[in-house]
file coords12.pdb (PDB, C-alpha atoms)
ATOM      1  CA  MET W 192     -23.109  30.432 -18.511
ATOM      2  CA  SER W 193     -22.834  26.652 -18.978
ATOM      3  CA  THR W 194     -24.625  24.323 -16.597
ATOM      4  CA  LEU W 195     -22.622  23.456 -13.493
ATOM      5  CA  SER W 196     -21.059  19.986 -13.511
ATOM      6  CA  GLY W 197     -18.663  18.121 -11.268
ATOM      7  CA  ILE W 198     -18.210  15.852  -8.285
ATOM      8  CA  LEU W 199     -18.678  17.347  -4.821
ATOM      9  CA  LEU W 200     -17.208  15.725  -1.712
ATOM     10  CA  VAL W 201     -19.498  16.287   1.270
ATOM     11  CA  ASP W 202     -18.746  15.533   4.929
ATOM     12  CA  LYS W 203     -22.207  14.473   6.109
ATOM     13  CA  GLU W 204     -23.127  15.103   9.728
ATOM     14  CA  LYS W 205     -25.141  12.707  11.897
ATOM     15  CA  GLY W 206     -28.906  12.933  11.324
ATOM     16  CA  PRO W 207     -29.785  13.745   7.718
ATOM     17  CA  THR W 208     -30.230  11.070   5.060
ATOM     18  CA  SER W 209     -28.056  11.020   1.953
ATOM     19  CA  HIS W 210     -31.089  12.271   0.011
ATOM     20  CA  ASP W 211     -31.379  15.240   2.422
ATOM     21  CA  ILE W 212     -27.829  16.268   1.482
ATOM     22  CA  VAL W 213     -28.658  15.977  -2.224
ATOM     23  CA  GLU W 214     -31.680  18.247  -1.670
ATOM     24  CA  ARG W 215     -29.510  20.842   0.097
ATOM     25  CA  VAL W 216     -27.107  20.906  -2.866
ATOM     26  CA  ARG W 217     -30.026  21.201  -5.314
ATOM     27  CA  LYS W 218     -31.384  24.230  -3.456
ATOM     28  CA  LEU W 219     -28.002  25.925  -3.134
ATOM     29  CA  LEU W 220     -27.029  25.441  -6.779
ATOM     30  CA  ARG W 221     -30.598  25.852  -8.104
ATOM     31  CA  ILE W 222     -30.165  22.723 -10.202
ATOM     32  CA  LYS W 223     -32.228  19.520 -10.234
ATOM     33  CA  GLN W 224     -29.597  17.186 -11.682
ATOM     34  CA  VAL W 225     -27.882  16.111  -8.450
ATOM     35  CA  GLY W 226     -27.325  12.577  -7.093
ATOM     36  CA  HIS W 227     -24.970  10.588  -4.885
ATOM     37  CA  ALA W 228     -22.671   7.584  -5.336
ATOM     38  CA  GLY W 229     -23.790   5.414  -2.429
ATOM     39  CA  THR W 230     -26.011   5.842   0.613
ATOM     40  CA  LEU W 231     -24.639   6.762   4.026
ATOM     41  CA  ASP W 232     -26.892   5.824   6.968
ATOM     42  CA  PRO W 233     -28.526   8.768   8.830
ATOM     43  CA  PHE W 234     -26.659   7.847  12.036
ATOM     44  CA  ALA W 235     -23.342   7.739  10.123
ATOM     45  CA  THR W 236     -21.055  10.660   9.292
ATOM     46  CA  GLY W 237     -18.354  11.191   6.717
ATOM     47  CA  LEU W 238     -17.793  11.141   2.999
ATOM     48  CA  LEU W 239     -20.753  11.341   0.648
ATOM     49  CA  VAL W 240     -19.786  11.619  -3.028
ATOM     50  CA  VAL W 241     -22.290  13.879  -4.796
ATOM     51  CA  GLY W 242     -22.614  14.343  -8.553
ATOM     52  CA  VAL W 243     -23.811  17.625 -10.084
ATOM     53  CA  GLY W 244     -25.004  18.119 -13.671
ATOM     54  CA  LYS W 245     -23.271  15.871 -16.216
ATOM     55  CA  ALA W 246     -21.241  14.300 -13.397
ATOM     56  CA  THR W 247     -24.355  12.380 -12.290
ATOM     57  CA  LYS W 248     -23.620  10.135 -15.307
ATOM     58  CA  LEU W 249     -20.310   9.151 -13.678
ATOM     59  CA  LEU W 250     -21.768   8.164 -10.302
ATOM     60  CA  GLU W 251     -22.427   4.541 -11.265
ATOM     61  CA  TYR W 252     -18.684   4.062 -11.826
ATOM     62  CA  LEU W 253     -17.925   5.362  -8.324
ATOM     63  CA  GLN W 254     -20.531   3.206  -6.533
ATOM     64  CA  HIS W 255     -18.362   0.105  -6.870
ATOM     65  CA  GLU W 256     -15.226   1.607  -5.338
ATOM     66  CA  ASP W 257     -13.684   0.216  -2.138
ATOM     67  CA  LYS W 258     -14.465   2.188   1.004
ATOM     68  CA  VAL W 259     -12.741   2.915   4.330
ATOM     69  CA  TYR W 260     -14.755   3.321   7.550
ATOM     70  CA  LYS W 261     -14.030   4.058  11.181
ATOM     71  CA  VAL W 262     -16.525   2.249  13.412
ATOM     72  CA  LYS W 263     -17.238   2.020  17.118
ATOM     73  CA  PHE W 264     -19.508  -0.740  18.445
ATOM     74  CA  LYS W 265     -20.720  -2.195  21.713
ATOM     75  CA  LEU W 266     -20.518  -5.899  22.451
ATOM     76  CA  GLY W 267     -23.401  -7.581  24.257
ATOM     77  CA  VAL W 268     -26.185  -5.478  22.753
ATOM     78  CA  ILE W 269     -28.318  -6.506  19.766
ATOM     79  CA  THR W 270     -30.725  -4.070  18.062
ATOM     80  CA  ASP W 271     -33.111  -4.650  15.177
ATOM     81  CA  THR W 272     -31.138  -2.238  12.961
ATOM     82  CA  PHE W 273     -27.646  -3.429  14.039
ATOM     83  CA  ASP W 274     -26.949   0.167  15.154
ATOM     84  CA  ILE W 275     -27.687   2.288  18.212
ATOM     85  CA  THR W 276     -30.726   3.963  16.607
ATOM     86  CA  GLY W 277     -32.671   0.696  16.670
ATOM     87  CA  GLN W 278     -34.740  -1.069  19.289
ATOM     88  CA  ILE W 279     -32.758  -3.231  21.729
ATOM     89  CA  MET W 280     -33.732  -6.867  21.151
ATOM     90  CA  GLU W 281     -31.210  -8.671  23.391
ATOM     91  CA  GLU W 282     -28.525  -7.871  25.984
ATOM     92  CA  HIS W 283     -25.697 -10.218  26.955
ATOM     93  CA  SER W 284     -23.414  -8.308  29.332
ATOM     94  CA  ASP W 285     -22.557 -11.496  31.265
ATOM     95  CA  GLU W 286     -21.043 -13.089  28.160
ATOM     96  CA  VAL W 287     -18.984  -9.940  27.486
ATOM     97  CA  SER W 288     -17.512  -9.999  31.016
ATOM     98  CA  LYS W 289     -16.036 -13.440  30.287
ATOM     99  CA  LEU W 290     -14.186 -12.259  27.170
ATOM    100  CA  SER W 291     -10.498 -11.369  27.026
ATOM    101  CA  GLU W 292      -9.038  -8.693  24.751
ATOM    102  CA  GLY W 293      -7.146 -11.428  22.926
ATOM    103  CA  GLU W 294     -10.363 -13.277  22.100
ATOM    104  CA  VAL W 295     -11.998 -10.093  20.839
ATOM    105  CA  LEU W 296      -8.984  -9.155  18.702
ATOM    106  CA  GLY W 297      -8.828 -12.685  17.298
ATOM    107  CA  ALA W 298     -12.507 -12.588  16.325
ATOM    108  CA  ILE W 299     -12.077  -9.190  14.658
ATOM    109  CA  LYS W 300      -9.017 -10.231  12.647
ATOM    110  CA  SER W 301     -10.697 -13.492  11.574
ATOM    111  CA  PHE W 302     -13.013 -11.495   9.318
ATOM    112  CA  ILE W 303     -10.172 -10.153   7.153
ATOM    113  CA  GLY W 304     -10.735 -11.767   3.760
ATOM    114  CA  THR W 305     -13.879 -12.683   1.833
ATOM    115  CA  TYR W 306     -17.027 -13.947   3.521
ATOM    116  CA  ARG W 307     -20.778 -14.183   2.922
ATOM    117  CA  GLN W 308     -22.612 -11.362   4.684
ATOM    118  CA  VAL W 309     -26.357 -10.962   5.255
ATOM    119  CA  PRO W 310     -27.553  -7.360   4.623
ATOM    120  CA  PRO W 311     -29.380  -5.849   7.630
ATOM    121  CA  ALA W 312     -33.190  -5.842   7.368
ATOM    122  CA  TYR W 313     -33.107  -2.077   7.983
ATOM    123  CA  SER W 314     -31.048  -0.853   5.023
ATOM    124  CA  ALA W 315     -31.403   1.065   1.756
ATOM    125  CA  LYS W 316     -30.964  -2.139  -0.247
ATOM    126  CA  LYS W 317     -34.015  -2.830  -2.400
ATOM    127  CA  TYR W 318     -36.347  -5.817  -2.585
ATOM    128  CA  GLN W 319     -38.969  -5.850  -5.368
ATOM    129  CA  GLY W 320     -38.485  -2.107  -5.901
ATOM    130  CA  LYS W 321     -38.856  -1.079  -2.237
ATOM    131  CA  LYS W 322     -36.085  -0.245   0.218
ATOM    132  CA  LEU W 323     -35.693  -2.764   3.028
ATOM    133  CA  TYR W 324     -36.115  -0.131   5.743
ATOM    134  CA  GLU W 325     -39.433   0.948   4.179
ATOM    135  CA  LEU W 326     -40.665  -2.654   4.258
ATOM    136  CA  ALA W 327     -39.364  -3.094   7.827
ATOM    137  CA  ARG W 328     -41.319  -0.047   8.974
ATOM    138  CA  GLU W 329     -44.426  -1.705   7.528
ATOM    139  CA  GLY W 330     -43.669  -4.756   9.650
ATOM    140  CA  LYS W 331     -42.396  -6.773   6.686
ATOM    141  CA  ILE W 332     -38.931  -8.047   7.572
ATOM    142  CA  ILE W 333     -37.211  -9.354   4.442
ATOM    143  CA  ASN W 334     -34.178 -11.557   5.005
ATOM    144  CA  LEU W 335     -32.101 -11.343   1.855
ATOM    145  CA  PRO W 336     -29.657 -14.121   0.963
ATOM    146  CA  PRO W 337     -26.032 -13.532   2.004
ATOM    147  CA  ARG W 338     -23.714 -11.884  -0.488
ATOM    148  CA  GLU W 339     -19.962 -12.163  -0.839
ATOM    149  CA  VAL W 340     -18.045  -9.172   0.533
ATOM    150  CA  THR W 341     -14.350  -8.573   1.162
ATOM    151  CA  ILE W 342     -12.774  -7.073   4.273
ATOM    152  CA  TYR W 343      -9.357  -6.025   2.939
ATOM    153  CA  ASP W 344      -7.879  -4.952   6.264
ATOM    154  CA  ILE W 345      -8.719  -3.906   9.822
ATOM    155  CA  TRP W 346      -6.376  -1.644  11.797
ATOM    156  CA  ASP W 347      -6.212   0.872  14.672
ATOM    157  CA  VAL W 348      -8.140  -1.568  16.858
ATOM    158  CA  LYS W 349      -9.003  -0.198  20.315
ATOM    159  CA  ILE W 350     -10.640  -2.506  22.869
ATOM    160  CA  ASN W 351     -12.171  -1.120  26.068
ATOM    161  CA  LEU W 352     -14.857  -3.707  26.797
ATOM    162  CA  PRO W 353     -17.687  -3.604  26.055
ATOM    163  CA  GLU W 354     -16.645  -0.841  23.597
ATOM    164  CA  VAL W 355     -14.545  -1.670  20.538
ATOM    165  CA  GLU W 356     -13.429   0.496  17.626
ATOM    166  CA  PHE W 357     -11.343   0.048  14.487
ATOM    167  CA  VAL W 358     -10.737   1.291  10.940
ATOM    168  CA  THR W 359     -11.494  -1.038   8.042
ATOM    169  CA  LYS W 360     -11.185  -1.078   4.258
ATOM    170  CA  VAL W 361     -14.028  -3.008   2.610
ATOM    171  CA  SER W 362     -15.421  -3.858  -0.809
ATOM    172  CA  SER W 363     -18.458  -2.116  -2.237
ATOM    173  CA  GLY W 364     -21.708  -3.499  -0.827
ATOM    174  CA  THR W 365     -20.260  -4.326   2.591
ATOM    175  CA  TYR W 366     -22.392  -3.327   5.582
ATOM    176  CA  VAL W 367     -20.102  -2.382   8.458
ATOM    177  CA  ARG W 368     -23.089  -2.660  10.837
ATOM    178  CA  SER W 369     -23.412  -6.303   9.772
ATOM    179  CA  LEU W 370     -19.660  -6.823  10.175
ATOM    180  CA  CYS W 371     -19.890  -5.621  13.811
ATOM    181  CA  MET W 372     -22.895  -7.876  14.426
ATOM    182  CA  ASP W 373     -21.066 -10.833  12.866
ATOM    183  CA  ILE W 374     -18.043 -10.235  15.107
ATOM    184  CA  GLY W 375     -20.375 -10.118  18.125
ATOM    185  CA  HIS W 376     -22.119 -13.299  16.992
ATOM    186  CA  LYS W 377     -18.772 -15.089  16.695
ATOM    187  CA  LEU W 378     -17.988 -14.028  20.279
ATOM    188  CA  GLY W 379     -21.374 -15.327  21.436
ATOM    189  CA  CYS W 380     -22.737 -11.982  22.638
ATOM    190  CA  GLY W 381     -23.837  -9.954  19.617
ATOM    191  CA  ALA W 382     -22.903  -6.321  18.951
ATOM    192  CA  THR W 383     -24.372  -3.061  17.720
ATOM    193  CA  ALA W 384     -22.656  -0.158  15.967
ATOM    194  CA  THR W 385     -22.666   3.077  17.988
ATOM    195  CA  GLU W 386     -20.627   5.330  15.678
ATOM    196  CA  LEU W 387     -19.797   5.026  11.970
ATOM    197  CA  ARG W 388     -17.740   7.388   9.826
ATOM    198  CA  ARG W 389     -16.838   6.917   6.154
ATOM    199  CA  LEU W 390     -13.277   8.090   5.554
ATOM    200  CA  SER W 391     -12.888   7.372   1.849
ATOM    201  CA  VAL W 392     -14.525   6.173  -1.361
ATOM    202  CA  GLY W 393     -11.912   4.971  -3.832
ATOM    203  CA  ARG W 394      -9.293   7.720  -4.022
ATOM    204  CA  PHE W 395     -11.616  10.407  -2.613
ATOM    205  CA  VAL W 396     -11.101  11.189   1.088
ATOM    206  CA  VAL W 397     -13.223  12.948   3.693
ATOM    207  CA  ASP W 398     -10.348  15.336   4.508
ATOM    208  CA  ASP W 399     -11.077  17.043   1.163
ATOM    209  CA  ALA W 400     -14.830  17.271   1.802
ATOM    210  CA  ILE W 401     -16.949  20.258   2.857
ATOM    211  CA  MET W 402     -19.921  20.481   5.227
ATOM    212  CA  ILE W 403     -23.315  21.429   3.763
ATOM    213  CA  PRO W 404     -25.657  22.721   6.511
ATOM    214  CA  GLU W 405     -29.470  22.813   6.369
ATOM    215  CA  VAL W 406     -30.298  25.716   4.040
ATOM    216  CA  LYS W 407     -33.835  26.521   5.222
ATOM    217  CA  ASN W 408     -32.967  29.346   7.623
ATOM    218  CA  LEU W 409     -29.747  30.662   6.107
ATOM    219  CA  ASP W 410     -29.606  34.401   5.459
ATOM    220  CA  ILE W 411     -28.946  35.422   1.849
ATOM    221  CA  GLN W 412     -25.278  36.324   2.408
ATOM    222  CA  VAL W 413     -24.420  32.968   4.021
ATOM    223  CA  PHE W 414     -26.487  31.178   1.339
ATOM    224  CA  GLU W 415     -24.516  32.836  -1.491
ATOM    225  CA  SER W 416     -21.158  32.240   0.259
ATOM    226  CA  LEU W 417     -21.995  28.549   0.638
ATOM    227  CA  ARG W 418     -23.075  28.382  -3.003
ATOM    228  CA  GLU W 419     -19.751  29.902  -4.081
ATOM    229  CA  LEU W 420     -17.835  27.422  -1.904
ATOM    230  CA  ILE W 421     -19.658  24.500  -3.525
ATOM    231  CA  ILE W 422     -18.951  25.796  -7.039
ATOM    232  CA  LYS W 423     -15.246  26.235  -6.192
ATOM    233  CA  SER W 424     -15.146  22.733  -4.666
ATOM    234  CA  LEU W 425     -16.582  20.904  -7.698
ATOM    235  CA  ILE W 426     -14.131  18.371  -9.139
ATOM    236  CA  PRO W 427     -14.310  18.550 -12.963
ATOM    237  CA  LEU W 428     -15.400  15.477 -14.939
ATOM    238  CA  GLU W 429     -11.896  15.093 -16.363
ATOM    239  CA  LYS W 430     -10.432  14.388 -12.902
ATOM    240  CA  VAL W 431     -13.025  11.941 -11.575
ATOM    241  CA  LEU W 432     -12.356   8.545 -13.165
ATOM    242  CA  ASP W 433      -9.204   6.438 -13.433
ATOM    243  CA  PHE W 434     -10.174   4.529 -16.591
ATOM    244  CA  PRO W 435      -7.715   4.525 -19.543
ATOM    245  CA  ARG W 436      -8.058   7.429 -21.967
ATOM    246  CA  ILE W 437      -8.192   7.814 -25.716
ATOM    247  CA  VAL W 438      -7.894  11.196 -27.442
ATOM    248  CA  VAL W 439      -9.894  11.722 -30.645
ATOM    249  CA  LYS W 440      -9.552  14.233 -33.505
ATOM    250  CA  SER W 441     -13.227  15.240 -33.725
ATOM    251  CA  GLN W 442     -15.665  15.878 -30.928
ATOM    252  CA  GLU W 443     -18.508  16.447 -33.414
ATOM    253  CA  LYS W 444     -18.333  12.848 -34.600
ATOM    254  CA  ILE W 445     -18.637  11.620 -31.007
ATOM    255  CA  TYR W 446     -21.477  14.081 -30.263
ATOM    256  CA  ASN W 447     -23.293  12.714 -33.323
ATOM    257  CA  GLY W 448     -22.916   9.142 -32.070
ATOM    258  CA  VAL W 449     -20.273   8.036 -34.565
ATOM    259  CA  GLN W 450     -18.322   5.157 -32.996
ATOM    260  CA  PRO W 451     -14.555   5.867 -32.745
ATOM    261  CA  LYS W 452     -12.380   4.086 -35.327
ATOM    262  CA  VAL W 453      -8.613   3.758 -35.758
ATOM    263  CA  GLU W 454      -8.372   6.879 -37.969
ATOM    264  CA  ASP W 455     -10.100   8.979 -35.299
ATOM    265  CA  LEU W 456      -7.361   8.458 -32.703
ATOM    266  CA  VAL W 457      -4.769  11.072 -31.809
ATOM    267  CA  GLU W 458      -3.312   9.047 -28.918
ATOM    268  CA  TYR W 459      -4.349   6.345 -26.460
ATOM    269  CA  GLU W 460      -3.378   4.656 -23.216
ATOM    270  CA  ASN W 461      -3.183   0.901 -22.730
ATOM    271  CA  PHE W 462      -6.513  -0.882 -22.334
ATOM    272  CA  LYS W 463      -8.014  -4.340 -22.689
ATOM    273  CA  LYS W 464     -11.013  -5.496 -24.700
ATOM    274  CA  ASP W 465     -14.330  -4.833 -22.873
ATOM    275  CA  GLN W 466     -12.653  -2.354 -20.496
ATOM    276  CA  ILE W 467     -14.368   0.995 -19.822
ATOM    277  CA  ILE W 468     -12.381   3.853 -21.386
ATOM    278  CA  GLN W 469     -12.656   7.649 -21.367
ATOM    279  CA  VAL W 470     -12.882   9.600 -24.633
ATOM    280  CA  PHE W 471     -11.143  13.000 -24.604
ATOM    281  CA  HIS W 472     -10.877  15.904 -27.050
ATOM    282  CA  ASN W 473      -8.732  18.987 -26.351
ATOM    283  CA  GLY W 474      -8.357  18.019 -22.685
ATOM    284  CA  LYS W 475     -12.115  17.613 -22.190
ATOM    285  CA  LEU W 476     -13.988  14.424 -21.331
ATOM    286  CA  ILE W 477     -16.602  14.014 -24.076
ATOM    287  CA  ALA W 478     -17.687  10.374 -23.689
ATOM    288  CA  ILE W 479     -17.415   7.048 -21.886
ATOM    289  CA  ALA W 480     -16.998   3.967 -24.095
ATOM    290  CA  ARG W 481     -16.322   0.243 -23.945
ATOM    291  CA  ALA W 482     -13.224  -1.037 -25.761
ATOM    292  CA  GLU W 483     -13.891  -3.524 -28.568
ATOM    293  CA  ARG W 484     -10.305  -4.770 -28.725
ATOM    294  CA  ASN W 485      -6.974  -4.561 -26.892
ATOM    295  CA  SER W 486      -5.055  -1.320 -27.412
ATOM    296  CA  GLU W 487      -1.918  -3.232 -28.470
ATOM    297  CA  PHE W 488      -3.788  -4.420 -31.587
ATOM    298  CA  ILE W 489      -4.305  -0.838 -32.854
ATOM    299  CA  GLU W 490      -0.784  -0.600 -34.334
ATOM    300  CA  THR W 491      -1.401  -3.837 -36.240
ATOM    301  CA  LEU W 492      -4.627  -2.402 -37.665
ATOM    302  CA  LYS W 493      -2.760   0.769 -38.727
ATOM    303  CA  LYS W 494      -0.057  -1.255 -40.511
ATOM    304  CA  HIS W 495      -2.682  -3.083 -42.533
ATOM    305  CA  ASN W 496      -4.748   0.067 -43.192
ATOM    306  CA  ARG W 497      -7.733  -1.449 -41.441
ATOM    307  CA  ASN W 498      -9.867   1.421 -40.174
ATOM    308  CA  GLU W 499     -11.895  -0.672 -37.737
ATOM    309  CA  ARG W 500     -13.983   0.361 -34.768
ATOM    310  CA  ILE W 501     -12.073   0.360 -31.502
ATOM    311  CA  ALA W 502     -14.814   1.197 -28.989
ATOM    312  CA  THR W 503     -18.575   1.471 -28.471
ATOM    313  CA  LEU W 504     -19.921   4.681 -26.983
ATOM    314  CA  ILE W 505     -21.842   4.279 -23.713
ATOM    315  CA  LYS W 506     -22.382   7.876 -22.560
ATOM    316  CA  VAL W 507     -21.778  11.106 -24.472
ATOM    317  CA  PHE W 508     -21.368  14.460 -22.701
ATOM    318  CA  LYS W 509     -22.660  16.957 -25.261
ATOM    319  CA  GLU W 510     -22.107  20.676 -24.945
ATOM    320  CA  GLU W 511     -25.065  22.491 -23.356
TER     321      GLU W 511
END
call {"tool": "encode", "arguments": {"input": "coords12.pdb", "output": "structure tokens"}}
result
Amino acid sequence: MSTLSGILLVDKEKGPTSHDIVERVRKLLRIKQVGHAGTLDPFATGLLVVGVGKATKLLEYLQHEDKVYKVKFKLGVITDTFDITGQIMEEHSDEVSKLSEGEVLGAIKSFIGTYRQVPPAYSAKKYQGKKLYELAREGKIINLPPREVTIYDIWDVKINLPEVEFVTKVSSGTYVRSLCMDIGHKLGCGATATELRRLSVGRFVVDDAIMIPEVKNLDIQVFESLRELIIKSLIPLEKVLDFPRIVVKSQEKIYNGVQPKVEDLVEYENFKKDQIIQVFHNGKLIAIARAERNSEFIETLKKHNRNERIATLIKVFKEE
């Protein structure tokens, strides 16, 4: 039996870390090669994209996808973590009582677009090899420089002061906790996130995800049923990425590290120079490569019998 591979969509519950979920999948599948495509805070719920086997090599391409979150936050409360799990540092209920719904909505909508956001001191972002929350627990608060993030849209806004909630689509690297705090800061009262749920990562949605409970005390029958469900739910490598595809005549050449040339092509989709492309053979994803030229130039090379290289291999998925 070949090693299990694929992308698993998990609906994480409140409490466990993203690494805890990875460990559960490892135990259930009895496989070490498991990872995830972007941390979800312990207090948050929702979509965690998990890679199994060879699919762990695809995770880096999913980490930069746009994400959609549903968030609820409370105005007038500031915690050290920017969420309800942290220690309350300030309270400004008087300032909140002076706000109108129109002012709150205006402040929220003003963040649609690109702005420079400071990552929270308690986050999984790393500084000199250590996660910020690890440093914070040691009493070392590191204030990283702001980074540019994009808030594509905010909708389904519900205001019941001091509670506010909305759904937002954001660029990779955006901290929704920081967005809530920034909205509160603009309103002069601060804010802290009380609920956070990730609804999608790129084209993957939480509605297609499965729950993975703690496996420690599961009886053998439930354990095996859950294992079977995970195996059935794995999305094959061929259906994970949206990059343009090329189809090659020989998989052995690719497995042996031979860079694809014009004569190796069976067919190809449109792509630009330096774009990431997928290399297929007989309907199977066998490699990821970087294009060395535009696809439209391939016909010109064929006409002039120039068997030149068209891509550089980045990752090869050899048979087990």
call {"tool": "axis_aligned_box", "arguments": {"input": "coords12.pdb", "around": "region 460-470 of chain W", "padding_each_side": "3 Å", "output": "JSON"}}
result
{"center_x": -8.8, "center_y": 2.1, "center_z": -22.3, "size_x": 17.2, "size_y": 21.1, "size_z": 10.9}
call {"tool": "resolve_selection", "arguments": {"input": "coords12.pdb", "expression": "the PyMOL selection byres ((chain W and resi 492-505) around 6)", "output": "list in words"}}
result
Gln450, Pro451, Lys452, Val453, Ile479, Ala480, Arg481, Ala482, Glu483, Ile489, Glu490, Thr491 and Lys506 of chain W
call {"tool": "write_last_selection", "arguments": {"input": "coords12.pdb", "atoms": "C-alpha atoms", "output": "mmCIF file, in the frame of the given file"}}
result
data_model
loop_
_atom_site.group_PDB
_atom_site.id
_atom_site.type_symbol
_atom_site.label_atom_id
_atom_site.label_comp_id
_atom_site.auth_asym_id
_atom_site.auth_seq_id
_atom_site.Cartn_x
_atom_site.Cartn_y
_atom_site.Cartn_z
ATOM 1 C CA GLN W 450 -18.322 5.157 -32.996
ATOM 2 C CA PRO W 451 -14.555 5.867 -32.745
ATOM 3 C CA LYS W 452 -12.380 4.086 -35.327
ATOM 4 C CA VAL W 453 -8.613 3.758 -35.758
ATOM 5 C CA ILE W 479 -17.415 7.048 -21.886
ATOM 6 C CA ALA W 480 -16.998 3.967 -24.095
ATOM 7 C CA ARG W 481 -16.322 0.243 -23.945
ATOM 8 C CA ALA W 482 -13.224 -1.037 -25.761
ATOM 9 C CA GLU W 483 -13.891 -3.524 -28.568
ATOM 10 C CA ILE W 489 -4.305 -0.838 -32.854
ATOM 11 C CA GLU W 490 -0.784 -0.600 -34.334
ATOM 12 C CA THR W 491 -1.401 -3.837 -36.240
ATOM 13 C CA LYS W 506 -22.382 7.876 -22.560
#
call {"tool": "resolve_selection", "arguments": {"input": "coords12.pdb", "expression": "the PyMOL selection byres ((chain W and resi 348) around 10)", "output": "ChimeraX atom specification"}}
result
/W:261-263,296,299-300,345-347,349-350,355-359
call {"tool": "resolve_selection", "arguments": {"input": "coords12.pdb", "expression": "the PyMOL selection byres ((chain W and resi 456) around 8)", "output": "PyMOL selection string"}}
result
chain W and resi 437-440+451-455+457-459
call {"tool": "closest_residue", "arguments": {"input": "coords12.pdb", "among": "W:Val295, W:Val240, W:Ala382, W:Val470", "to": "Lys444 (chain W)", "atoms": "all atoms listed in the file"}}
result
W:Val470
call {"tool": "closest_residue", "arguments": {"input": "coords12.pdb", "among": "W:Pro427, W:Gly229, W:Pro353, W:Gly237", "to": "Val396 (chain W)", "atoms": "only C-alpha atoms"}}
result
W:Gly237
call {"tool": "atom_distance", "arguments": {"input": "coords12.pdb", "atom1": "CA of Leu390 (chain W)", "atom2": "CA of Asp274 (chain W)"}}
result
18.5 Å
call {"tool": "closest_residue", "arguments": {"input": "coords12.pdb", "among": "W:Val309, W:Val413, W:Ile403, W:Leu476", "to": "Val367 (chain W)", "atoms": "only C-alpha atoms"}}
result
W:Val309
call {"tool": "decode", "arguments": {"input": "coords12.pdb", "residues": "region 472-486 of chain W", "atoms": "N, CA and C atoms", "output": "PDB file, in the first residue's frame"}}
result
ATOM      1  N   HIS W 472       1.852  13.805 -15.496  1.00  0.00           N
ATOM      2  CA  HIS W 472       2.061  12.667 -16.399  1.00  0.00           C
ATOM      3  C   HIS W 472       0.942  11.670 -16.135  1.00  0.00           C
ATOM      4  N   ASN W 473       0.196  11.331 -17.174  1.00  0.00           N
ATOM      5  CA  ASN W 473      -0.932  10.383 -17.043  1.00  0.00           C
ATOM      6  C   ASN W 473      -1.894  10.769 -15.926  1.00  0.00           C
ATOM      7  N   GLY W 474      -2.214  12.070 -15.846  1.00  0.00           N
ATOM      8  CA  GLY W 474      -3.188  12.558 -14.875  1.00  0.00           C
ATOM      9  C   GLY W 474      -2.676  12.669 -13.459  1.00  0.00           C
ATOM     10  N   LYS W 475      -1.356  12.458 -13.268  1.00  0.00           N
ATOM     11  CA  LYS W 475      -0.774  12.487 -11.926  1.00  0.00           C
ATOM     12  C   LYS W 475       0.204  13.657 -11.800  1.00  0.00           C
ATOM     13  N   LEU W 476       0.126  14.348 -10.667  1.00  0.00           N
ATOM     14  CA  LEU W 476       1.077  15.431 -10.400  1.00  0.00           C
ATOM     15  C   LEU W 476       2.414  14.814 -10.014  1.00  0.00           C
ATOM     16  N   ILE W 477       3.465  15.092 -10.798  1.00  0.00           N
ATOM     17  CA  ILE W 477       4.766  14.476 -10.515  1.00  0.00           C
ATOM     18  C   ILE W 477       5.829  15.498 -10.110  1.00  0.00           C
ATOM     19  N   ALA W 478       5.538  16.800 -10.329  1.00  0.00           N
ATOM     20  CA  ALA W 478       6.532  17.811  -9.932  1.00  0.00           C
ATOM     21  C   ALA W 478       5.929  19.207  -9.932  1.00  0.00           C
ATOM     22  N   ILE W 479       6.624  20.111  -9.235  1.00  0.00           N
ATOM     23  CA  ILE W 479       6.353  21.543  -9.282  1.00  0.00           C
ATOM     24  C   ILE W 479       7.596  22.177  -9.904  1.00  0.00           C
ATOM     25  N   ALA W 480       7.406  23.128 -10.814  1.00  0.00           N
ATOM     26  CA  ALA W 480       8.542  23.743 -11.499  1.00  0.00           C
ATOM     27  C   ALA W 480       8.313  25.250 -11.660  1.00  0.00           C
ATOM     28  N   ARG W 481       9.379  25.932 -12.040  1.00  0.00           N
ATOM     29  CA  ARG W 481       9.275  27.364 -12.335  1.00  0.00           C
ATOM     30  C   ARG W 481       9.549  27.573 -13.827  1.00  0.00           C
ATOM     31  N   ALA W 482       8.609  28.248 -14.507  1.00  0.00           N
ATOM     32  CA  ALA W 482       8.743  28.457 -15.948  1.00  0.00           C
ATOM     33  C   ALA W 482       9.947  29.335 -16.279  1.00  0.00           C
ATOM     34  N   GLU W 483      10.684  28.958 -17.316  1.00  0.00           N
ATOM     35  CA  GLU W 483      11.853  29.730 -17.741  1.00  0.00           C
ATOM     36  C   GLU W 483      11.539  30.692 -18.888  1.00  0.00           C
ATOM     37  N   ARG W 484      10.344  30.530 -19.443  1.00  0.00           N
ATOM     38  CA  ARG W 484       9.917  31.421 -20.540  1.00  0.00           C
ATOM     39  C   ARG W 484       8.402  31.435 -20.616  1.00  0.00           C
ATOM     40  N   ASN W 485       7.836  32.329 -21.394  1.00  0.00           N
ATOM     41  CA  ASN W 485       6.384  32.376 -21.591  1.00  0.00           C
ATOM     42  C   ASN W 485       5.942  31.194 -22.448  1.00  0.00           C
ATOM     43  N   SER W 486       4.766  30.655 -22.151  1.00  0.00           N
ATOM     44  CA  SER W 486       4.268  29.504 -22.906  1.00  0.00           C
ATOM     45  C   SER W 486       4.069  29.832 -24.383  1.00  0.00           C
TER      46      SER W 486
END
